[in-house]
>>> print(open('entry.tsv').read())   # TSV, C-alpha atoms
chain	number	residue	atom	x	y	z
A	25	MET	CA	-6.71	-31.59	68.63
A	26	PRO	CA	-8.86	-31.41	65.44
A	27	ILE	CA	-9.89	-34.39	63.33
A	28	SER	CA	-10.69	-34.13	59.63
A	29	PRO	CA	-12.98	-35.40	58.35
A	30	ASN	CA	-14.94	-36.21	61.48
A	31	GLN	CA	-17.22	-38.67	59.67
A	32	GLY	CA	-16.83	-41.57	57.29
A	33	SER	CA	-18.18	-44.84	55.98
A	34	THR	CA	-19.36	-47.61	58.30
A	35	GLY	CA	-17.25	-49.89	56.11
A	36	GLY	CA	-14.08	-48.05	57.09
A	37	GLY	CA	-11.40	-46.95	54.64
A	38	THR	CA	-11.74	-43.19	55.22
A	39	THR	CA	-8.47	-41.25	55.29
A	40	VAL	CA	-8.49	-39.18	58.49
A	41	VAL	CA	-5.96	-36.56	59.60
A	42	ILE	CA	-5.60	-35.76	63.30
A	43	THR	CA	-3.61	-32.63	64.14
A	44	GLY	CA	-2.19	-31.40	67.44
A	45	THR	CA	1.05	-31.29	69.37
A	46	ASN	CA	3.52	-33.93	70.57
A	47	LEU	CA	2.08	-36.51	68.19
A	48	GLY	CA	5.41	-37.85	66.90
A	49	GLY	CA	6.08	-41.53	67.32
A	50	ALA	CA	2.41	-42.44	67.52
A	51	THR	CA	2.05	-46.10	68.33
A	52	ALA	CA	-1.72	-46.46	68.09
A	53	VAL	CA	-4.83	-44.58	67.00
A	54	LYS	CA	-8.07	-46.10	68.23
A	55	PHE	CA	-11.59	-45.56	66.85
A	56	GLY	CA	-13.58	-46.82	69.81
A	57	THR	CA	-11.99	-50.19	70.56
A	58	LYS	CA	-10.57	-50.70	67.05
A	59	ASN	CA	-7.12	-49.78	65.81
A	60	ALA	CA	-6.81	-47.55	62.77
A	61	THR	CA	-3.98	-48.02	60.28
A	62	ILE	CA	-1.37	-45.28	60.64
A	63	THR	CA	-0.14	-44.13	57.21
A	64	ALA	CA	1.80	-40.96	58.10
A	65	ASN	CA	3.04	-39.32	61.30
A	66	THR	CA	4.73	-36.04	62.23
A	67	PRO	CA	5.05	-34.18	65.53
A	68	THR	CA	1.89	-32.24	64.65
A	69	SER	CA	-0.24	-34.77	62.76
A	70	VAL	CA	-1.22	-38.40	62.38
A	71	THR	CA	-2.84	-39.70	59.18
A	72	VAL	CA	-4.82	-42.92	59.48
A	73	THR	CA	-7.23	-45.12	57.59
A	74	SER	CA	-10.37	-45.62	59.65
A	75	PRO	CA	-11.52	-49.11	60.64
A	76	SER	CA	-15.14	-50.21	60.16
A	77	GLY	CA	-17.64	-49.16	62.79
A	78	THR	CA	-21.06	-47.76	63.61
A	79	GLY	CA	-22.48	-44.79	65.44
A	80	THR	CA	-20.28	-42.24	67.18
A	81	VAL	CA	-16.93	-43.39	68.60
A	82	PRO	CA	-14.07	-41.72	70.53
A	83	VAL	CA	-10.75	-41.38	68.70
A	84	THR	CA	-7.52	-41.33	70.70
A	85	VAL	CA	-3.84	-41.14	69.79
A	86	THR	CA	-1.25	-43.01	71.84
A	87	THR	CA	2.42	-41.99	71.80
A	88	PRO	CA	5.36	-42.80	74.11
A	89	GLY	CA	4.16	-39.82	76.17
A	90	GLY	CA	0.69	-41.23	76.81
A	91	THR	CA	-2.81	-41.20	75.33
A	92	SER	CA	-4.58	-38.07	74.11
A	93	ASN	CA	-8.01	-36.75	74.99
A	94	PRO	CA	-10.76	-38.31	72.82
A	95	LEU	CA	-12.29	-36.78	69.71
A	96	GLN	CA	-15.61	-37.82	68.19
A	97	PHE	CA	-15.89	-39.61	64.84
A	98	PHE	CA	-19.27	-40.29	63.24
A	99	TYR	CA	-19.86	-43.37	61.13
A	100	VAL	CA	-22.22	-42.82	58.20
A	101	GLY	CA	-24.04	-45.61	56.36
A	102	ALA	CA	-23.96	-45.93	52.58
A	103	PRO	CA	-26.68	-43.98	50.75
A	104	PHE	CA	-29.78	-45.65	49.37
A	105	LYS	CA	-31.39	-44.29	46.20
A	106	SER	CA	-35.02	-45.10	45.54
A	107	SER	CA	-35.91	-42.94	42.52
A	108	LEU	CA	-34.67	-40.47	39.94
A	109	SER	CA	-36.84	-38.00	38.02
A	110	PRO	CA	-36.87	-37.28	35.14
A	111	VAL	CA	-35.15	-40.42	33.85
A	112	SER	CA	-34.09	-38.98	30.48
A	113	GLY	CA	-33.05	-35.71	28.86
A	114	VAL	CA	-31.00	-33.98	26.23
A	115	THR	CA	-27.51	-35.24	25.41
A	116	ALA	CA	-26.27	-31.67	25.82
A	117	GLY	CA	-27.16	-31.86	29.51
A	118	GLY	CA	-28.43	-28.98	31.61
A	119	ASP	CA	-31.65	-30.54	32.91
A	120	THR	CA	-32.30	-30.67	36.67
A	121	VAL	CA	-32.81	-34.15	38.11
A	122	THR	CA	-34.21	-34.98	41.55
A	123	ILE	CA	-32.88	-38.04	43.38
A	124	ASN	CA	-34.83	-39.43	46.33
A	125	GLY	CA	-33.53	-41.91	48.89
A	126	THR	CA	-31.98	-42.01	52.36
A	127	GLY	CA	-28.59	-41.08	53.77
A	128	LEU	CA	-28.06	-38.35	51.17
A	129	SER	CA	-27.22	-35.40	53.42
A	130	THR	CA	-23.43	-35.79	53.01
A	131	ALA	CA	-23.53	-36.26	49.24
A	132	THR	CA	-20.53	-34.76	47.47
A	133	ALA	CA	-20.95	-36.09	43.92
A	134	VAL	CA	-23.43	-37.65	41.53
A	135	ASN	CA	-21.90	-39.52	38.61
A	136	PHE	CA	-23.66	-39.87	35.28
A	137	GLY	CA	-21.56	-42.59	33.74
A	138	ALA	CA	-17.97	-41.40	34.13
A	139	THR	CA	-18.90	-37.71	34.49
A	140	ALA	CA	-19.33	-36.25	37.98
A	141	ALA	CA	-21.70	-33.44	38.92
A	142	THR	CA	-21.99	-31.58	42.24
A	143	PRO	CA	-25.42	-32.03	43.83
A	144	THR	CA	-27.51	-29.67	45.95
A	145	VAL	CA	-28.63	-31.35	49.17
A	146	VAL	CA	-32.29	-30.59	49.88
A	147	ASN	CA	-32.45	-32.87	52.91
A	148	ASP	CA	-31.33	-36.35	53.96
A	149	GLY	CA	-33.92	-37.85	51.61
A	150	GLN	CA	-33.48	-35.72	48.51
A	151	LEU	CA	-30.88	-34.23	46.16
A	152	THR	CA	-31.12	-32.12	43.05
A	153	VAL	CA	-28.39	-32.09	40.43
A	154	THR	CA	-27.79	-30.48	37.05
A	155	VAL	CA	-27.16	-33.20	34.48
A	156	PRO	CA	-23.74	-32.91	32.79
A	157	ALA	CA	-23.38	-33.31	29.04
A	158	GLY	CA	-23.37	-36.90	27.83
A	159	ALA	CA	-20.75	-38.42	25.58
A	160	ALA	CA	-23.42	-39.97	23.34
A	161	PRO	CA	-27.13	-40.77	23.36
A	162	GLY	CA	-28.16	-43.80	25.40
A	163	PRO	CA	-28.43	-44.96	29.03
A	164	VAL	CA	-25.76	-44.36	31.68
A	165	SER	CA	-25.57	-45.53	35.29
A	166	VAL	CA	-26.12	-42.98	38.05
A	167	SER	CA	-24.23	-43.20	41.35
A	168	VAL	CA	-24.30	-41.04	44.47
A	169	THR	CA	-21.18	-40.61	46.64
A	170	THR	CA	-21.52	-39.60	50.31
A	171	ALA	CA	-19.38	-39.79	53.42
A	172	GLY	CA	-20.87	-43.26	53.86
A	173	GLY	CA	-19.81	-44.57	50.48
A	174	THR	CA	-21.15	-44.86	46.93
A	175	ASN	CA	-24.43	-46.38	45.81
A	176	ASN	CA	-25.37	-47.34	42.27
A	177	GLY	CA	-28.50	-48.81	40.74
A	178	LEU	CA	-30.22	-45.99	38.86
A	179	SER	CA	-30.08	-45.17	35.15
A	180	TYR	CA	-30.46	-41.99	33.09
A	181	THR	CA	-30.92	-41.95	29.32
A	182	TYR	CA	-29.42	-39.25	27.13
A	183	ILE	CA	-31.53	-38.41	24.07
A	184	ASP	CA	-30.37	-36.44	21.03
A	185	ALA	CA	-32.50	-33.53	19.81
A	186	PRO	CA	-34.87	-34.31	16.91
A	187	THR	CA	-34.51	-33.16	13.32
A	188	ILE	CA	-37.16	-32.62	10.66
A	189	VAL	CA	-36.22	-33.70	7.14
A	190	SER	CA	-39.51	-33.41	5.27
A	191	LEU	CA	-43.30	-33.24	5.42
A	192	ASN	CA	-45.40	-35.08	2.84
A	193	PRO	CA	-47.64	-33.60	1.64
A	194	ALA	CA	-46.26	-30.16	2.47
A	195	SER	CA	-49.55	-28.35	1.84
A	196	GLY	CA	-53.24	-28.81	2.51
A	197	PRO	CA	-56.50	-26.99	3.09
A	198	ALA	CA	-56.74	-24.32	5.78
A	199	SER	CA	-59.65	-26.25	7.25
A	200	GLY	CA	-57.13	-28.86	8.49
A	201	GLY	CA	-57.50	-32.62	8.47
A	202	THR	CA	-54.59	-33.40	6.15
A	203	VAL	CA	-52.68	-36.53	7.13
A	204	VAL	CA	-49.00	-35.62	6.88
A	205	THR	CA	-46.03	-37.98	7.14
A	206	LEU	CA	-43.22	-36.15	8.93
A	207	THR	CA	-39.78	-37.68	8.53
A	208	GLY	CA	-36.65	-36.88	10.49
A	209	THR	CA	-34.47	-38.32	13.25
A	210	ASN	CA	-34.80	-39.00	16.99
A	211	LEU	CA	-38.60	-38.84	16.88
A	212	SER	CA	-39.50	-41.83	19.07
A	213	THR	CA	-39.99	-39.72	22.23
A	214	THR	CA	-42.13	-37.06	20.51
A	215	GLN	CA	-44.29	-35.20	23.00
A	216	SER	CA	-45.99	-32.68	20.72
A	217	VAL	CA	-46.25	-31.43	17.14
A	218	THR	CA	-47.50	-27.91	16.43
A	219	PHE	CA	-48.47	-26.06	13.26
A	220	ASP	CA	-48.00	-22.32	13.80
A	221	GLY	CA	-48.22	-23.00	17.54
A	222	THR	CA	-51.41	-25.06	17.35
A	223	PRO	CA	-51.10	-28.64	18.65
A	224	ALA	CA	-51.73	-31.39	16.10
A	225	PRO	CA	-52.75	-35.01	16.74
A	226	PHE	CA	-49.89	-37.38	15.94
A	227	SER	CA	-48.72	-40.95	16.24
A	228	VAL	CA	-45.14	-42.23	16.30
A	229	LEU	CA	-44.47	-44.62	13.43
A	230	SER	CA	-40.76	-45.05	14.13
A	231	ASP	CA	-37.73	-43.12	15.33
A	232	THR	CA	-37.63	-41.46	11.90
A	233	SER	CA	-41.33	-41.01	11.09
A	234	LEU	CA	-44.53	-39.51	12.50
A	235	SER	CA	-48.08	-39.45	11.18
A	236	VAL	CA	-49.65	-36.06	11.88
A	237	VAL	CA	-53.12	-34.63	11.22
A	238	THR	CA	-53.06	-30.90	10.52
A	239	PRO	CA	-55.20	-28.66	12.70
A	240	PRO	CA	-57.15	-25.77	11.10
A	241	GLY	CA	-54.93	-22.84	10.15
A	242	THR	CA	-54.62	-19.59	8.27
A	243	ALA	CA	-53.71	-19.56	4.58
A	244	GLY	CA	-49.95	-19.35	4.01
A	245	ALA	CA	-46.74	-21.05	5.08
A	246	VAL	CA	-46.44	-21.89	8.78
A	247	ASP	CA	-43.72	-23.27	11.03
A	248	VAL	CA	-43.95	-26.88	12.14
A	249	THR	CA	-42.32	-27.75	15.49
A	250	VAL	CA	-41.65	-31.19	16.94
A	251	THR	CA	-40.82	-31.47	20.65
A	252	THR	CA	-39.31	-34.64	22.14
A	253	SER	CA	-37.57	-35.61	25.36
A	254	GLY	CA	-34.36	-34.57	23.62
A	255	GLY	CA	-35.44	-31.08	22.63
A	256	SER	CA	-37.24	-29.37	19.76
A	257	ALA	CA	-36.85	-28.93	15.99
A	258	THR	CA	-38.68	-26.49	13.74
A	259	ALA	CA	-39.28	-26.62	10.01
A	260	VAL	CA	-39.63	-22.91	9.17
A	261	GLY	CA	-42.51	-22.49	6.74
A	262	GLY	CA	-42.60	-26.27	6.55
A	263	PHE	CA	-46.32	-26.55	5.75
A	264	THR	CA	-48.50	-24.32	3.59
A	265	TYR	CA	-52.20	-23.88	4.29
A	266	VAL	CA	-54.20	-23.35	1.11
A	267	ALA	CA	-57.39	-21.28	1.26
A	268	GLY	CA	-60.55	-22.93	0.03
A	269	PRO	CA	-62.49	-21.62	-2.96
A	270	GLY	CA	-65.02	-18.85	-2.52
A	271	ILE	CA	-67.94	-17.83	-4.72
>>> encode(input="entry.tsv", output="structure tokens")
Amino acid sequence: MPISPNQGSTGGGTTVVITGTNLGGATAVKFGTKNATITANTPTSVTVTSPSGTGTVPVTVTTPGGTSNPLQFFYVGAPFKSSLSPVSGVTAGGDTVTINGTGLSTATAVNFGATAATPTVVNDGQLTVTVPAGAAPGPVSVSVTTAGGTNNGLSYTYIDAPTIVSLNPASGPASGGTVVTLTGTNLSTTQSVTFDGTPAPFSVLSDTSLSVVTPPGTAGAVDVTVTTSGGSATAVGGFTYVAGPGI
């Protein structure tokens, strides 16, 4: 006589189907000493809602013909999440996030806001999950659903990719040292600015402006790339290095 699922929340409320023979007219289904609520019954199955409980309990079905042999049901506590890393990423999704906690081995879903993703269980203390696309930039709540229930309390922030609108001035000596104001959008989480692949010192002035000091370069137009938590943007040929005079 199989039972499915054979585990559920300590708080009860799990829909459980017990299958077998001669089950028609079931008068009681007990989880340990507690009665479950019978919601459907046929000669070959009984569907119940589990009562609250803890640990492992025997499940029996009683009909006018007697009481069945016991089956085991395992109560699982609600998950506890302690950390999420990284805590932000691109609005398009696709990043891998690690969630640490306890009671995670039966996880079936991780919700980012209203959007569910299927996690990979590493062990009872850790999950990894691919972040789904977000509806818009900004924070969303993160919840983990297991056989023991759902736990909330963490947050993930979606960040749009940056754009580069202009560089001023757009040229300077090949020796470097030119202070350039770079304007664009979504720049507040800037992690690096490069000129032709060479990192440049920078400071964030606002979400739409950076102050950047050009590194030394080779005469000619070079690409300027800004990388943020939300992705990267490149101004192709955005800055021109001018060779110094020679005698």
>>> closest_residue(input="entry.tsv", among="A:Thr39, A:Thr238, A:Ser167, A:Asn59", to="A:Val203", atoms="all atoms listed in the file")
A:Thr238
>>> atom_distance(input="entry.tsv", atom1="atom CA of A:Ile123", atom2="atom CA of A:Leu108")
4.6 Å
>>> closest_residue(input="entry.tsv", among="A:Asn46, A:Thr214, A:Thr115, A:Thr57", to="A:Thr181", atoms="only C-alpha atoms")
A:Thr115
>>> atom_distance(input="entry.tsv", atom1="atom CA of A:Ala257", atom2="atom CA of A:Thr202")
20.8 Å
>>> atom_distance(input="entry.tsv", atom1="atom CA of A:Gly268", atom2="atom CA of A:Pro239")
14.9 Å
>>> residues_around(input="entry.tsv", residues="A:Thr144", least_positions_apart="5", cutoff="8 Å", atoms="all atoms listed in the file", output="short mmCIF file (atom, residue, chain, number, x, y, z; two decimals) with C-alpha atoms, in the frame of the given file")
data_model
loop_
_atom_site.label_atom_id
_atom_site.label_comp_id
_atom_site.auth_asym_id
_atom_site.auth_seq_id
_atom_site.Cartn_x
_atom_site.Cartn_y
_atom_site.Cartn_z
CA LEU A 151 -30.88 -34.23 46.16
CA THR A 152 -31.12 -32.12 43.05
CA VAL A 153 -28.39 -32.09 40.43
#
>>> closest_residue(input="entry.tsv", among="A:Thr38, A:Ser256, A:Thr213, A:Thr170", to="A:Thr187", atoms="all atoms listed in the file")
A:Ser256
